[in-house]
$ cat final15.txt   # compact mmCIF, C-alpha atoms
# COMPACT_ATOMS: atom_id res chain seq x y z
CA MET B 1 -19.20 -17.52 -9.86
CA SER B 2 -17.36 -18.59 -12.97
CA GLU B 3 -14.94 -21.47 -13.01
CA TYR B 4 -11.70 -21.20 -14.92
CA LYS B 5 -9.73 -23.98 -16.61
CA ILE B 6 -6.19 -24.12 -15.26
CA THR B 7 -3.26 -25.97 -16.81
CA LEU B 8 0.05 -26.19 -14.96
CA GLU B 9 3.34 -27.90 -15.54
CA LEU B 10 3.48 -29.55 -12.13
CA ASN B 11 6.71 -31.38 -11.26
CA GLY B 12 7.38 -31.91 -14.95
CA HIS B 13 3.92 -33.15 -15.90
CA GLU B 14 1.07 -31.23 -17.48
CA VAL B 15 -1.99 -31.21 -15.21
CA THR B 16 -5.39 -29.60 -15.67
CA GLY B 17 -8.27 -28.71 -13.40
CA ASN B 18 -11.05 -26.20 -12.86
CA ALA B 19 -11.27 -23.63 -10.10
CA GLU B 20 -13.13 -20.52 -9.08
CA ALA B 21 -11.02 -17.38 -9.35
CA ARG B 22 -10.82 -17.08 -5.56
CA MET B 23 -9.15 -20.49 -5.09
CA THR B 24 -5.52 -20.05 -4.05
CA LEU B 25 -2.82 -22.10 -5.73
CA VAL B 26 -2.20 -24.09 -2.53
CA ASP B 27 -5.87 -25.08 -2.24
CA PHE B 28 -5.89 -26.01 -5.92
CA LEU B 29 -2.79 -28.20 -5.49
CA ARG B 30 -4.15 -29.95 -2.40
CA ASP B 31 -7.89 -30.18 -3.00
CA ASN B 32 -8.18 -30.43 -6.78
CA LEU B 33 -4.90 -32.08 -7.75
CA GLU B 34 -4.57 -34.09 -4.50
CA GLN B 35 -0.93 -33.08 -4.08
CA THR B 36 -0.96 -32.72 -0.30
CA GLY B 37 2.80 -32.45 0.23
CA THR B 38 2.50 -28.66 0.22
CA HIS B 39 1.09 -27.58 3.58
CA ILE B 40 -1.30 -24.75 4.41
CA GLY B 41 -0.51 -22.78 7.52
CA CYS B 42 -1.62 -19.19 7.95
CA GLU B 43 -3.24 -18.62 4.53
CA HIS B 44 -2.10 -15.01 4.42
CA GLY B 45 1.59 -15.09 3.63
CA VAL B 46 3.22 -15.20 7.05
CA CYS B 47 4.35 -18.77 7.76
CA GLY B 48 5.88 -20.02 4.50
CA ALA B 49 4.56 -23.61 4.89
CA CYS B 50 2.96 -23.39 1.43
CA SER B 51 6.17 -22.39 -0.43
CA VAL B 52 6.48 -23.81 -3.95
CA ILE B 53 8.81 -23.07 -6.83
CA PHE B 54 7.13 -20.95 -9.51
CA ASP B 55 9.00 -20.58 -12.82
CA GLY B 56 12.24 -21.37 -11.01
CA ARG B 57 11.79 -19.14 -7.95
CA PRO B 58 10.28 -19.83 -4.53
CA ILE B 59 6.93 -18.16 -3.81
CA ARG B 60 4.08 -18.62 -1.34
CA SER B 61 1.25 -20.56 -2.95
CA CYS B 62 -1.34 -18.98 -0.61
CA LEU B 63 -0.53 -15.55 -2.05
CA ILE B 64 -1.44 -16.33 -5.64
CA TYR B 65 -4.74 -17.47 -7.07
CA ALA B 66 -4.58 -20.71 -9.04
CA VAL B 67 -6.00 -18.96 -12.10
CA MET B 68 -3.01 -16.59 -12.07
CA ALA B 69 -0.66 -19.58 -12.21
CA ASN B 70 -2.33 -20.89 -15.39
CA GLY B 71 0.38 -21.79 -17.91
CA HIS B 72 3.25 -21.64 -15.41
CA LYS B 73 5.75 -24.22 -14.10
CA ILE B 74 5.35 -25.31 -10.49
CA THR B 75 7.61 -27.54 -8.41
CA THR B 76 6.27 -28.78 -5.09
CA VAL B 77 7.96 -30.87 -2.42
CA GLU B 78 6.75 -33.98 -4.30
CA GLY B 79 8.99 -32.87 -7.16
CA LEU B 80 12.20 -32.80 -5.09
CA GLU B 81 12.74 -36.56 -4.86
CA ARG B 82 15.18 -38.26 -7.19
CA THR B 83 13.86 -39.82 -10.40
CA ASN B 84 14.17 -43.29 -8.83
CA GLY B 85 11.80 -42.23 -6.05
CA THR B 86 14.38 -41.98 -3.24
CA LEU B 87 14.93 -38.86 -1.16
CA SER B 88 17.10 -36.07 -2.53
CA PRO B 89 20.38 -35.27 -0.72
CA LEU B 90 18.65 -32.26 0.85
CA GLN B 91 15.72 -34.35 2.09
CA ASP B 92 18.17 -36.95 3.40
CA ALA B 93 20.09 -34.25 5.23
CA PHE B 94 16.90 -32.99 6.92
CA TRP B 95 16.33 -36.53 8.17
CA GLU B 96 19.90 -37.11 9.32
CA ASN B 97 20.20 -33.76 11.09
CA HIS B 98 16.83 -33.85 12.86
CA ALA B 99 15.78 -30.76 10.93
CA MET B 100 12.10 -31.43 11.60
CA GLN B 101 9.90 -32.44 14.46
CA CYS B 102 6.19 -31.97 13.78
CA GLY B 103 6.85 -31.64 10.05
CA TYR B 104 4.48 -28.79 9.42
CA CYS B 105 7.04 -26.35 8.09
CA THR B 106 9.15 -29.03 6.39
CA PRO B 107 7.80 -28.79 2.80
CA GLY B 108 8.26 -25.02 2.86
CA MET B 109 11.72 -25.29 4.43
CA LEU B 110 12.75 -27.85 1.80
CA ILE B 111 11.50 -25.65 -1.04
CA ALA B 112 13.23 -22.55 0.34
CA SER B 113 16.52 -24.38 0.92
CA HIS B 114 16.32 -26.19 -2.43
CA ALA B 115 15.88 -22.84 -4.19
CA LEU B 116 18.86 -21.44 -2.28
CA LEU B 117 21.14 -24.35 -3.20
CA GLN B 118 20.15 -24.09 -6.87
CA GLU B 119 21.45 -20.50 -6.88
CA ASN B 120 24.21 -20.79 -4.33
CA PRO B 121 25.83 -24.23 -3.88
CA ASP B 122 28.05 -23.05 -1.01
CA PRO B 123 25.98 -20.78 1.25
CA ASN B 124 27.19 -19.52 4.62
CA ASP B 125 24.94 -19.64 7.70
CA GLU B 126 23.80 -16.07 7.22
CA GLU B 127 22.71 -16.77 3.64
CA ILE B 128 20.78 -19.84 4.79
CA ARG B 129 19.07 -17.80 7.52
CA GLU B 130 18.15 -15.19 4.92
CA ALA B 131 16.77 -17.86 2.56
CA ILE B 132 14.56 -19.48 5.21
CA GLY B 133 13.74 -16.12 6.83
CA GLY B 134 10.21 -16.25 5.46
CA ASN B 135 9.48 -19.69 6.90
CA LEU B 136 8.35 -20.26 10.47
CA CYS B 137 9.34 -23.36 12.45
CA ARG B 138 8.08 -23.75 15.98
CA CYS B 139 9.92 -26.99 16.86
CA THR B 140 13.56 -27.03 15.87
CA GLY B 141 14.75 -23.56 16.74
CA TYR B 142 16.11 -23.48 13.17
CA GLN B 143 19.64 -24.57 14.10
CA GLN B 144 19.24 -28.15 12.86
CA ILE B 145 17.70 -26.86 9.64
CA ILE B 146 20.77 -24.73 9.02
CA GLU B 147 23.00 -27.71 9.78
CA ALA B 148 20.97 -29.88 7.39
CA VAL B 149 21.30 -27.35 4.57
CA GLN B 150 25.05 -27.07 5.19
CA SER B 151 25.41 -30.84 5.20
CA ALA B 152 23.35 -31.23 2.01
CA ALA B 153 25.30 -28.47 0.28
CA LYS B 154 28.58 -30.20 1.14
CA LYS B 155 27.33 -33.56 -0.15
CA MET B 156 25.93 -32.04 -3.32
CA ARG B 157 29.23 -30.27 -4.04
CA GLU B 158 31.11 -33.56 -3.66
CA ILE B 159 28.66 -35.65 -5.71
CA PRO B 160 27.03 -33.38 -8.31
CA MET G 1 -9.45 -17.01 5.44
CA LYS G 2 -10.82 -17.39 1.93
CA ALA G 3 -11.47 -14.44 -0.35
CA ALA G 4 -15.03 -13.50 -1.20
CA PRO G 5 -16.02 -14.57 -4.74
CA PHE G 6 -14.87 -12.37 -7.61
CA GLU G 7 -14.49 -12.45 -11.38
CA TYR G 8 -11.09 -12.47 -13.07
CA ILE G 9 -9.67 -11.33 -16.37
CA ARG G 10 -6.12 -11.41 -17.71
CA VAL G 11 -5.19 -8.54 -20.01
CA ASN G 12 -2.32 -8.20 -22.48
CA THR G 13 -1.97 -4.43 -22.85
CA LEU G 14 -2.12 -1.34 -20.67
CA ASP G 15 -5.03 -0.02 -22.76
CA GLU G 16 -7.03 -3.19 -22.07
CA ALA G 17 -6.34 -2.80 -18.35
CA CYS G 18 -7.51 0.84 -18.39
CA GLN G 19 -10.58 -0.10 -20.44
CA ALA G 20 -11.51 -2.85 -17.98
CA LEU G 21 -11.04 -0.49 -15.00
CA SER G 22 -13.18 2.15 -16.68
CA GLU G 23 -16.01 -0.28 -17.43
CA SER G 24 -16.07 -2.01 -14.05
CA GLY G 25 -16.35 0.94 -11.68
CA GLU G 26 -14.61 1.19 -8.36
CA HIS G 27 -15.02 -2.46 -7.37
CA ALA G 28 -12.38 -3.63 -9.82
CA ARG G 29 -8.75 -3.91 -8.76
CA ILE G 30 -5.55 -4.45 -10.67
CA ILE G 31 -3.53 -7.45 -9.52
CA ALA G 32 0.12 -8.08 -10.38
CA GLY G 33 2.22 -9.63 -7.60
CA GLY G 34 -0.70 -9.79 -5.20
CA GLN G 35 1.59 -10.00 -2.18
CA THR G 36 -0.48 -7.50 -0.20
CA LEU G 37 -3.79 -7.64 -2.07
CA VAL G 38 -4.22 -11.43 -1.73
CA PRO G 39 -3.82 -11.42 2.09
CA LEU G 40 -6.12 -8.38 2.36
CA MET G 41 -8.70 -10.32 0.34
CA ALA G 42 -8.17 -13.44 2.49
CA MET G 43 -9.00 -11.36 5.57
CA ARG G 44 -11.84 -9.73 3.61
CA LEU G 45 -10.42 -6.29 4.25
CA ALA G 46 -10.62 -5.99 0.45
CA ARG G 47 -13.54 -7.40 -1.56
CA PRO G 48 -13.11 -6.47 -5.22
CA SER G 49 -15.74 -7.84 -7.59
CA LEU G 50 -13.23 -8.09 -10.44
CA LEU G 51 -9.48 -8.68 -10.54
CA ILE G 52 -7.64 -7.48 -13.64
CA ASP G 53 -4.41 -9.48 -13.95
CA ILE G 54 -1.63 -7.43 -15.59
CA ASN G 55 1.14 -10.04 -15.27
CA ASP G 56 1.15 -10.63 -19.05
CA VAL G 57 1.41 -6.92 -19.92
CA GLU G 58 4.96 -6.65 -21.24
CA GLU G 59 4.90 -2.85 -21.47
CA LEU G 60 4.46 -2.73 -17.67
CA SER G 61 7.71 -4.51 -16.90
CA GLY G 62 11.29 -3.33 -17.15
CA ILE G 63 13.96 -0.97 -15.86
CA SER G 64 15.58 1.74 -17.98
CA ILE G 65 17.31 5.12 -17.92
CA LYS G 66 15.43 8.04 -19.47
CA GLY G 67 17.46 11.24 -19.36
CA GLU G 68 18.19 12.03 -15.71
CA HIS G 69 15.76 9.42 -14.38
CA LEU G 70 15.78 5.74 -13.54
CA VAL G 71 12.41 4.44 -14.73
CA ILE G 72 10.91 1.30 -13.24
CA LYS G 73 7.72 0.01 -14.81
CA ALA G 74 4.94 -0.70 -12.33
CA GLY G 75 4.79 -4.47 -12.84
CA THR G 76 8.54 -5.04 -12.42
CA ARG G 77 9.15 -7.72 -9.79
CA GLN G 78 10.97 -6.53 -6.68
CA VAL G 79 13.54 -9.30 -7.21
CA LYS G 80 14.36 -7.90 -10.68
CA ALA G 81 14.88 -4.41 -9.30
CA LEU G 82 16.96 -5.75 -6.40
CA SER G 83 19.26 -7.71 -8.72
CA SER G 84 19.46 -4.97 -11.36
CA GLU G 85 22.95 -3.62 -12.07
CA ILE G 86 21.44 -0.34 -13.31
CA VAL G 87 19.57 0.20 -10.03
CA ARG G 88 22.65 -0.65 -7.97
CA GLU G 89 24.83 1.72 -10.00
CA LYS G 90 22.47 4.68 -10.47
CA ILE G 91 20.39 4.62 -7.27
CA PRO G 92 22.19 2.48 -4.68
CA LEU G 93 19.85 3.87 -2.00
CA LEU G 94 16.94 2.12 -3.72
CA ALA G 95 18.92 -1.13 -4.11
CA GLU G 96 19.75 -1.08 -0.39
CA ALA G 97 16.11 -0.41 0.56
CA LEU G 98 14.85 -3.20 -1.72
CA SER G 99 16.88 -5.78 0.18
CA HIS G 100 14.66 -4.99 3.20
CA VAL G 101 11.36 -5.44 1.33
CA GLY G 102 9.62 -8.62 2.51
CA HIS G 103 11.67 -11.76 1.89
CA THR G 104 12.74 -13.91 -1.04
CA GLN G 105 9.35 -15.57 -1.57
CA THR G 106 7.39 -12.31 -1.58
CA ARG G 107 9.99 -10.36 -3.60
CA ASN G 108 9.81 -13.02 -6.33
CA LEU G 109 6.19 -12.08 -7.09
CA GLY G 110 5.75 -8.68 -5.45
CA THR G 111 6.14 -5.67 -7.72
CA VAL G 112 7.62 -2.20 -7.30
CA GLY G 113 4.33 -0.60 -8.37
CA GLY G 114 2.30 -2.79 -6.03
CA SER G 115 4.24 -1.54 -3.04
CA LEU G 116 3.67 2.08 -4.13
CA VAL G 117 -0.11 1.77 -4.57
CA ASN G 118 -0.44 -0.19 -1.33
CA ALA G 119 1.19 2.78 0.48
CA ASP G 120 1.93 1.04 3.74
CA PRO G 121 3.30 3.65 6.17
CA SER G 122 6.29 1.39 6.97
CA ALA G 123 7.11 0.28 3.43
CA GLU G 124 10.58 0.92 2.00
CA ILE G 125 9.82 1.62 -1.68
CA PRO G 126 7.44 4.52 -0.89
CA LEU G 127 10.13 5.80 1.51
CA ILE G 128 12.68 6.03 -1.29
CA ALA G 129 10.09 7.56 -3.64
CA GLN G 130 9.52 10.31 -1.05
CA THR G 131 13.24 10.81 -0.36
CA LEU G 132 14.21 11.25 -3.99
CA GLU G 133 10.98 13.01 -5.07
CA ALA G 134 10.12 10.33 -7.57
CA THR G 135 7.42 10.97 -10.14
CA ILE G 136 4.65 8.41 -10.44
CA VAL G 137 2.97 8.05 -13.83
CA VAL G 138 -0.60 6.75 -14.00
CA GLN G 139 -2.99 6.13 -16.86
CA SER G 140 -6.71 5.74 -17.44
CA VAL G 141 -9.01 5.98 -20.45
CA ARG G 142 -9.13 9.70 -19.59
CA GLY G 143 -5.40 10.03 -20.27
CA LYS G 144 -2.04 9.96 -18.57
CA ARG G 145 -0.82 12.08 -15.64
CA SER G 146 2.30 12.40 -13.52
CA ILE G 147 2.12 12.77 -9.75
CA VAL G 148 5.06 13.70 -7.52
CA ALA G 149 5.54 11.33 -4.60
CA SER G 150 4.66 13.97 -1.99
CA GLU G 151 1.22 14.33 -3.61
CA PHE G 152 0.76 10.63 -4.36
CA PHE G 153 0.87 9.36 -0.76
CA GLU G 154 -2.06 10.86 1.11
CA SER G 155 -2.32 8.76 4.26
CA ALA G 156 -1.79 5.21 5.52
CA MET G 157 -2.81 2.91 2.64
CA VAL G 158 -4.34 5.87 0.78
CA THR G 159 -2.99 7.38 -2.44
CA SER G 160 -4.25 9.95 -4.94
CA LEU G 161 -4.65 7.21 -7.57
CA ALA G 162 -8.24 7.35 -8.90
CA PRO G 163 -10.22 4.08 -9.00
CA ASP G 164 -10.04 3.96 -12.80
CA GLU G 165 -6.28 4.60 -12.99
CA CYS G 166 -3.49 2.09 -13.44
CA LEU G 167 0.05 2.80 -12.26
CA VAL G 168 2.41 2.79 -15.24
CA GLU G 169 5.88 3.62 -13.96
CA VAL G 170 7.90 5.38 -11.30
CA CYS G 171 10.74 7.73 -12.25
CA PHE G 172 13.53 8.23 -9.70
CA PRO G 173 15.80 11.25 -10.30
CA ILE G 174 19.46 10.26 -10.61
CA TRP G 175 21.89 12.50 -8.74
CA SER G 176 24.80 13.16 -11.05
CA GLY G 177 28.18 14.63 -10.14
CA GLU G 178 30.71 13.79 -7.48
CA ARG G 179 30.68 13.35 -3.71
CA ASN G 180 27.18 11.89 -3.37
CA GLY G 181 26.43 9.41 -0.62
CA TYR G 182 23.41 7.53 0.66
CA GLY G 183 22.34 5.99 3.95
CA PHE G 184 19.54 3.56 4.73
CA GLN G 185 18.76 2.35 8.24
CA GLU G 186 15.89 0.23 9.49
CA VAL G 187 14.79 -1.50 12.66
CA SER G 188 12.26 -4.31 12.45
CA ILE G 189 11.31 -7.16 14.76
CA ARG G 190 12.66 -9.73 12.30
CA ASP G 191 14.57 -9.19 9.06
CA SER G 192 11.60 -9.58 6.76
CA ASP G 193 9.03 -7.69 8.84
CA TYR G 194 7.69 -4.23 8.22
CA ALA G 195 9.95 -1.57 9.68
CA LEU G 196 9.22 -0.18 13.14
CA ALA G 197 10.90 2.82 11.60
CA ALA G 198 13.37 3.38 8.80
CA ALA G 199 15.23 6.37 7.43
CA ALA G 200 16.72 7.10 4.02
CA ALA G 201 19.20 9.86 3.33
CA GLN G 202 21.08 11.04 0.27
CA LEU G 203 23.49 13.95 0.37
CA THR G 204 26.18 15.78 -1.55
CA LEU G 205 29.26 17.30 0.08
CA ASP G 206 31.12 20.31 -1.32
CA GLU G 207 34.94 20.45 -1.52
CA SER G 208 35.17 21.60 2.13
CA ASP G 209 33.02 18.66 3.29
CA ASN G 210 30.03 20.89 3.96
CA CYS G 211 26.56 19.62 3.21
CA LYS G 212 25.59 20.98 -0.22
CA LYS G 213 22.44 18.97 -0.84
CA LEU G 214 20.44 16.66 1.43
CA SER G 215 17.27 14.61 1.13
CA LEU G 216 15.97 12.76 4.15
CA SER G 217 12.79 10.80 4.80
CA ILE G 218 11.45 8.60 7.56
CA CYS G 219 8.85 5.86 7.39
CA GLY G 220 6.96 4.02 10.12
CA ALA G 221 6.57 7.10 12.29
CA SER G 222 3.76 8.92 10.42
CA PRO G 223 0.72 7.91 8.32
CA THR G 224 2.98 8.06 5.25
CA ALA G 225 6.71 8.20 4.69
CA ILE G 226 7.64 11.87 5.07
CA ARG G 227 10.38 14.12 3.83
CA LEU G 228 11.98 16.04 6.73
CA ARG G 229 12.60 19.35 4.97
CA PRO G 230 13.17 21.53 8.06
CA LEU G 231 15.92 19.13 9.15
CA GLU G 232 17.45 19.19 5.66
CA GLU G 233 17.50 23.00 5.73
CA ALA G 234 19.08 23.01 9.18
CA LEU G 235 22.02 20.94 7.91
CA LEU G 236 22.60 22.67 4.58
CA GLY G 237 25.94 24.48 4.44
CA LYS G 238 27.02 22.87 7.70
CA HIS G 239 29.87 20.50 8.36
CA PRO G 240 27.87 17.35 9.23
CA GLU G 241 29.84 16.15 12.27
CA ASN G 242 28.06 13.60 14.43
CA GLN G 243 27.26 16.18 17.10
CA VAL G 244 25.80 18.55 14.50
CA ILE G 245 23.62 15.74 13.13
CA ILE G 246 22.44 14.72 16.60
CA GLU G 247 21.48 18.29 17.47
CA ALA G 248 19.73 18.87 14.14
CA CYS G 249 17.75 15.62 14.56
CA GLU G 250 16.10 16.94 17.74
CA ILE G 251 13.60 18.71 15.48
CA ILE G 252 12.26 15.31 14.35
CA ASP G 253 9.99 15.07 17.40
CA ASP G 254 7.99 17.99 16.01
CA LEU G 255 7.75 16.57 12.50
CA ILE G 256 6.51 13.01 13.03
CA ASP G 257 3.32 11.46 14.37
CA PRO G 258 4.21 7.94 15.52
CA GLN G 259 1.41 5.49 16.33
CA ALA G 260 1.44 2.60 18.81
CA ASP G 261 0.88 -0.95 17.66
CA VAL G 262 1.49 -4.45 19.00
CA HIS G 263 5.24 -4.19 18.29
CA ALA G 264 6.06 -0.78 19.73
CA ASP G 265 4.46 2.12 21.55
CA ALA G 266 4.39 5.54 19.93
CA ASP G 267 7.20 6.98 22.04
CA TYR G 268 9.60 4.13 21.28
CA ARG G 269 8.77 4.26 17.57
CA GLY G 270 9.53 7.98 17.56
CA ARG G 271 12.88 7.44 19.27
CA VAL G 272 13.79 4.69 16.82
CA ALA G 273 12.90 6.99 13.92
CA LYS G 274 15.20 9.67 15.27
CA VAL G 275 18.13 7.29 15.71
CA MET G 276 17.58 5.83 12.23
CA ALA G 277 17.68 9.36 10.79
CA ARG G 278 20.97 10.16 12.55
CA ARG G 279 22.59 6.97 11.32
CA ALA G 280 21.26 7.36 7.76
CA ILE G 281 22.71 10.87 7.55
CA SER G 282 26.09 9.87 8.95
CA ASP G 283 26.27 6.85 6.61
CA ALA G 284 25.43 9.13 3.67
CA ARG G 285 28.17 11.55 4.78
CA ASP G 286 30.73 8.76 5.10
CA ARG G 287 29.85 7.35 1.70
CA ALA G 288 30.12 10.80 0.13
CA LYS G 289 33.62 11.07 1.64
CA GLY G 290 34.46 7.58 0.40
CA SER G 291 35.17 6.25 3.90
CA LEU G 292 32.20 3.83 3.85
CA LYS G 293 31.49 1.37 1.05

$ encode --input "final15.txt" --output "structure tokens"
Amino acid sequence: MSEYKITLELNGHEVTGNAEARMTLVDFLRDNLEQTGTHIGCEHGVCGACSVIFDGRPIRSCLIYAVMANGHKITTVEGLERTNGTLSPLQDAFWENHAMQCGYCTPGMLIASHALLQENPDPNDEEIREAIGGNLCRCTGYQQIIEAVQSAAKKMREIP
Amino acid sequence: MKAAPFEYIRVNTLDEACQALSESGEHARIIAGGQTLVPLMAMRLARPSLLIDINDVEELSGISIKGEHLVIKAGTRQVKALSSEIVREKIPLLAEALSHVGHTQTRNLGTVGGSLVNADPSAEIPLIAQTLEATIVVQSVRGKRSIVASEFFESAMVTSLAPDECLVEVCFPIWSGERNGYGFQEVSIRDSDYALAAAAAQLTLDESDNCKKLSLSICGASPTAIRLRPLEEALLGKHPENQVIIEACEIIDDLIDPQADVHADADYRGRVAKVMARRAISDARDRAKGSLK
């Protein structure tokens, strides 16, 4: 089967690789570009672990072939850290509020909550639940994740 | 959970898409959002030999008013339709239903046309197309044709779209005039899941609060979303008090064909459908009166 050349703007940098048409974006990120922060869970759009930001909006990277993302802007969990390499306020808040245990869902949860806070800097609990509604967590029971997002939102409003 | 190998092309115009479909036979598939096709391919329930990517086709994206219709182009993202002021103002029933389609991550890529051609029996967009008698426009190298929703959806995941045809747009009739109201009710296991059953109603009241016009459909309780015309006829000209609605809804048992699955048995699904219908009608009535926002 043919291979296709794929160029992405990944976390602000232009990257290039080759992939068969059937390679999903998440496999391309992990296997070809060695960006393993994005996790693969169910591979058919149920768990949300593979969420990335695509042209400014969160999507599931297992539900798009890499070749379809050619020419687009992608932000993965690796792209959330501050420019000096320290954790973002949201990532810090996940740590401080015990918003993870096994860590499997964490990249997807961070992407979903980051996208929410970009659009809505002061979400209520219901809006947070809606935003992470497509992401499964089997450890935390979600409550600490909601608390982490609230705490990050508060901090980010105080220190823009 | 990896798709079988396939070839891929990206087209820039509708004509190119139709040409590619015509040349590749029935093993080619159009892909836009891919939010149902990609998982089907991962599970190898679908094995197209060629995917024709229409994401760059500008003429297949956009929302506009044409005469008495709201026209949504097939490749319009669900998120665009959900956040559209025109949709909210002209067809609030559709806006309400769109908020129940998948979740943020799938609505950001998923398209209005994709949901129609996928024809899931529980899906909300086909439900609204049935309720409002939308017209679905398709094109192939053989020409263009319009199909009314009731003839487009044939069975679960089956439509009358021919293998060489590409969906172009869907046209929802806009109800003009005063005293219109809508109701949308759904029960699902979790917010973003497919509906166990959902109902959509739109009605017009006359000056004495009698039901002048009513459209009602149910999804999740039959192989396709279905319009419940005998129930509509039973309520026409009547004062739609709760008790009148409840009694009229008894006929639903004879009109639907609910199936059991892992989430609900057939009997429960049928009962949910009936309750959703009652609530959708009473919400529509209250909105027509102005007592419900």

$ interface_residues --input "final15.txt" --of "chain B" --to "chain G" --cutoff "9 Å" --atoms "only C-alpha atoms" --output "mmCIF file with C-alpha atoms, in the coordinates of the input"
data_model
loop_
_atom_site.group_PDB
_atom_site.id
_atom_site.type_symbol
_atom_site.label_atom_id
_atom_site.label_comp_id
_atom_site.auth_asym_id
_atom_site.auth_seq_id
_atom_site.Cartn_x
_atom_site.Cartn_y
_atom_site.Cartn_z
ATOM 1 C CA MET B 1 -19.200 -17.520 -9.860
ATOM 2 C CA SER B 2 -17.360 -18.590 -12.970
ATOM 3 C CA TYR B 4 -11.700 -21.200 -14.920
ATOM 4 C CA GLU B 20 -13.130 -20.520 -9.080
ATOM 5 C CA ALA B 21 -11.020 -17.380 -9.350
ATOM 6 C CA ARG B 22 -10.820 -17.080 -5.560
ATOM 7 C CA MET B 23 -9.150 -20.490 -5.090
ATOM 8 C CA THR B 24 -5.520 -20.050 -4.050
ATOM 9 C CA CYS B 42 -1.620 -19.190 7.950
ATOM 10 C CA GLU B 43 -3.240 -18.620 4.530
ATOM 11 C CA HIS B 44 -2.100 -15.010 4.420
ATOM 12 C CA GLY B 45 1.590 -15.090 3.630
ATOM 13 C CA GLY B 48 5.880 -20.020 4.500
ATOM 14 C CA SER B 51 6.170 -22.390 -0.430
ATOM 15 C CA PHE B 54 7.130 -20.950 -9.510
ATOM 16 C CA ARG B 57 11.790 -19.140 -7.950
ATOM 17 C CA PRO B 58 10.280 -19.830 -4.530
ATOM 18 C CA ILE B 59 6.930 -18.160 -3.810
ATOM 19 C CA ARG B 60 4.080 -18.620 -1.340
ATOM 20 C CA CYS B 62 -1.340 -18.980 -0.610
ATOM 21 C CA LEU B 63 -0.530 -15.550 -2.050
ATOM 22 C CA ILE B 64 -1.440 -16.330 -5.640
ATOM 23 C CA TYR B 65 -4.740 -17.470 -7.070
ATOM 24 C CA VAL B 67 -6.000 -18.960 -12.100
ATOM 25 C CA MET B 68 -3.010 -16.590 -12.070
ATOM 26 C CA ALA B 112 13.230 -22.550 0.340
ATOM 27 C CA GLU B 130 18.150 -15.190 4.920
ATOM 28 C CA ALA B 131 16.770 -17.860 2.560
ATOM 29 C CA ILE B 132 14.560 -19.480 5.210
ATOM 30 C CA GLY B 133 13.740 -16.120 6.830
ATOM 31 C CA GLY B 134 10.210 -16.250 5.460
#

$ atom_distance --input "final15.txt" --atom1 "atom CA of B:Pro89" --atom2 "atom CA of B:Ala148"
9.8 Å

$ closest_residue --input "final15.txt" --among "B:Thr76, B:Leu136, B:Ser151, B:Cys50" --to "B:Leu10" --atoms "all atoms listed in the file"
B:Thr76

$ residues_around --input "final15.txt" --residues "G:Asp209" --least-positions-apart "6" --cutoff "8 Å" --atoms "all atoms listed in the file" --output "list in words"
His239, Pro240 and Lys289 of chain G

$ closest_residue --input "final15.txt" --among "G:Ile256, G:Leu216, G:Val71, G:Ile86" --to "G:Phe172" --atoms "only C-alpha atoms"
G:Val71

$ residues_near_point --input "final15.txt" --point "(20.8, 14.9, -7.8)" --cutoff "10 Å" --atoms "only C-alpha atoms" --output "list in words"
Glu68, His69, Leu132, Pro173, Ile174, Trp175, Ser176, Gly177, Glu178, Asn180, Gln202, Leu203, Thr204, Lys213, Leu214 and Ser215 of chain G

$ atom_distance --input "final15.txt" --atom1 "atom CA of G:Ala199" --atom2 "atom CA of G:Ile72"
21.7 Å

$ residues_near_point --input "final15.txt" --point "(7.2, 15.9, 13.4)" --cutoff "10 Å" --atoms "all atoms listed in the file" --output "VMD selection string"
chain G and resid 221 to 222 226 228 230 250 to 258 270

$ build_atoms --input "final15.txt" --residues "stretch 80-87 of chain B" --atoms "N, CA and C atoms" --output "PDB file, keeping the file's coordinate frame"
ATOM      1  N   LEU B  80      10.787 -32.864  -5.499  1.00  0.00           N
ATOM      2  CA  LEU B  80      12.200 -32.800  -5.090  1.00  0.00           C
ATOM      3  C   LEU B  80      12.885 -34.158  -5.085  1.00  0.00           C
ATOM      4  N   GLU B  81      12.109 -35.232  -4.963  1.00  0.00           N
ATOM      5  CA  GLU B  81      12.740 -36.560  -4.860  1.00  0.00           C
ATOM      6  C   GLU B  81      13.501 -36.892  -6.138  1.00  0.00           C
ATOM      7  N   ARG B  82      14.418 -37.842  -6.011  1.00  0.00           N
ATOM      8  CA  ARG B  82      15.180 -38.260  -7.190  1.00  0.00           C
ATOM      9  C   ARG B  82      14.284 -39.040  -8.142  1.00  0.00           C
ATOM     10  N   THR B  83      14.716 -39.157  -9.407  1.00  0.00           N
ATOM     11  CA  THR B  83      13.860 -39.820 -10.400  1.00  0.00           C
ATOM     12  C   THR B  83      13.554 -41.272 -10.025  1.00  0.00           C
ATOM     13  N   ASN B  84      14.446 -41.898  -9.223  1.00  0.00           N
ATOM     14  CA  ASN B  84      14.170 -43.290  -8.830  1.00  0.00           C
ATOM     15  C   ASN B  84      13.262 -43.377  -7.598  1.00  0.00           C
ATOM     16  N   GLY B  85      12.768 -42.222  -7.151  1.00  0.00           N
ATOM     17  CA  GLY B  85      11.800 -42.230  -6.050  1.00  0.00           C
ATOM     18  C   GLY B  85      12.428 -42.171  -4.672  1.00  0.00           C
ATOM     19  N   THR B  86      13.758 -42.113  -4.569  1.00  0.00           N
ATOM     20  CA  THR B  86      14.380 -41.980  -3.240  1.00  0.00           C
ATOM     21  C   THR B  86      14.527 -40.504  -2.890  1.00  0.00           C
ATOM     22  N   LEU B  87      14.823 -40.246  -1.614  1.00  0.00           N
ATOM     23  CA  LEU B  87      14.930 -38.860  -1.160  1.00  0.00           C
ATOM     24  C   LEU B  87      16.127 -38.167  -1.784  1.00  0.00           C
TER      25      LEU B  87
END
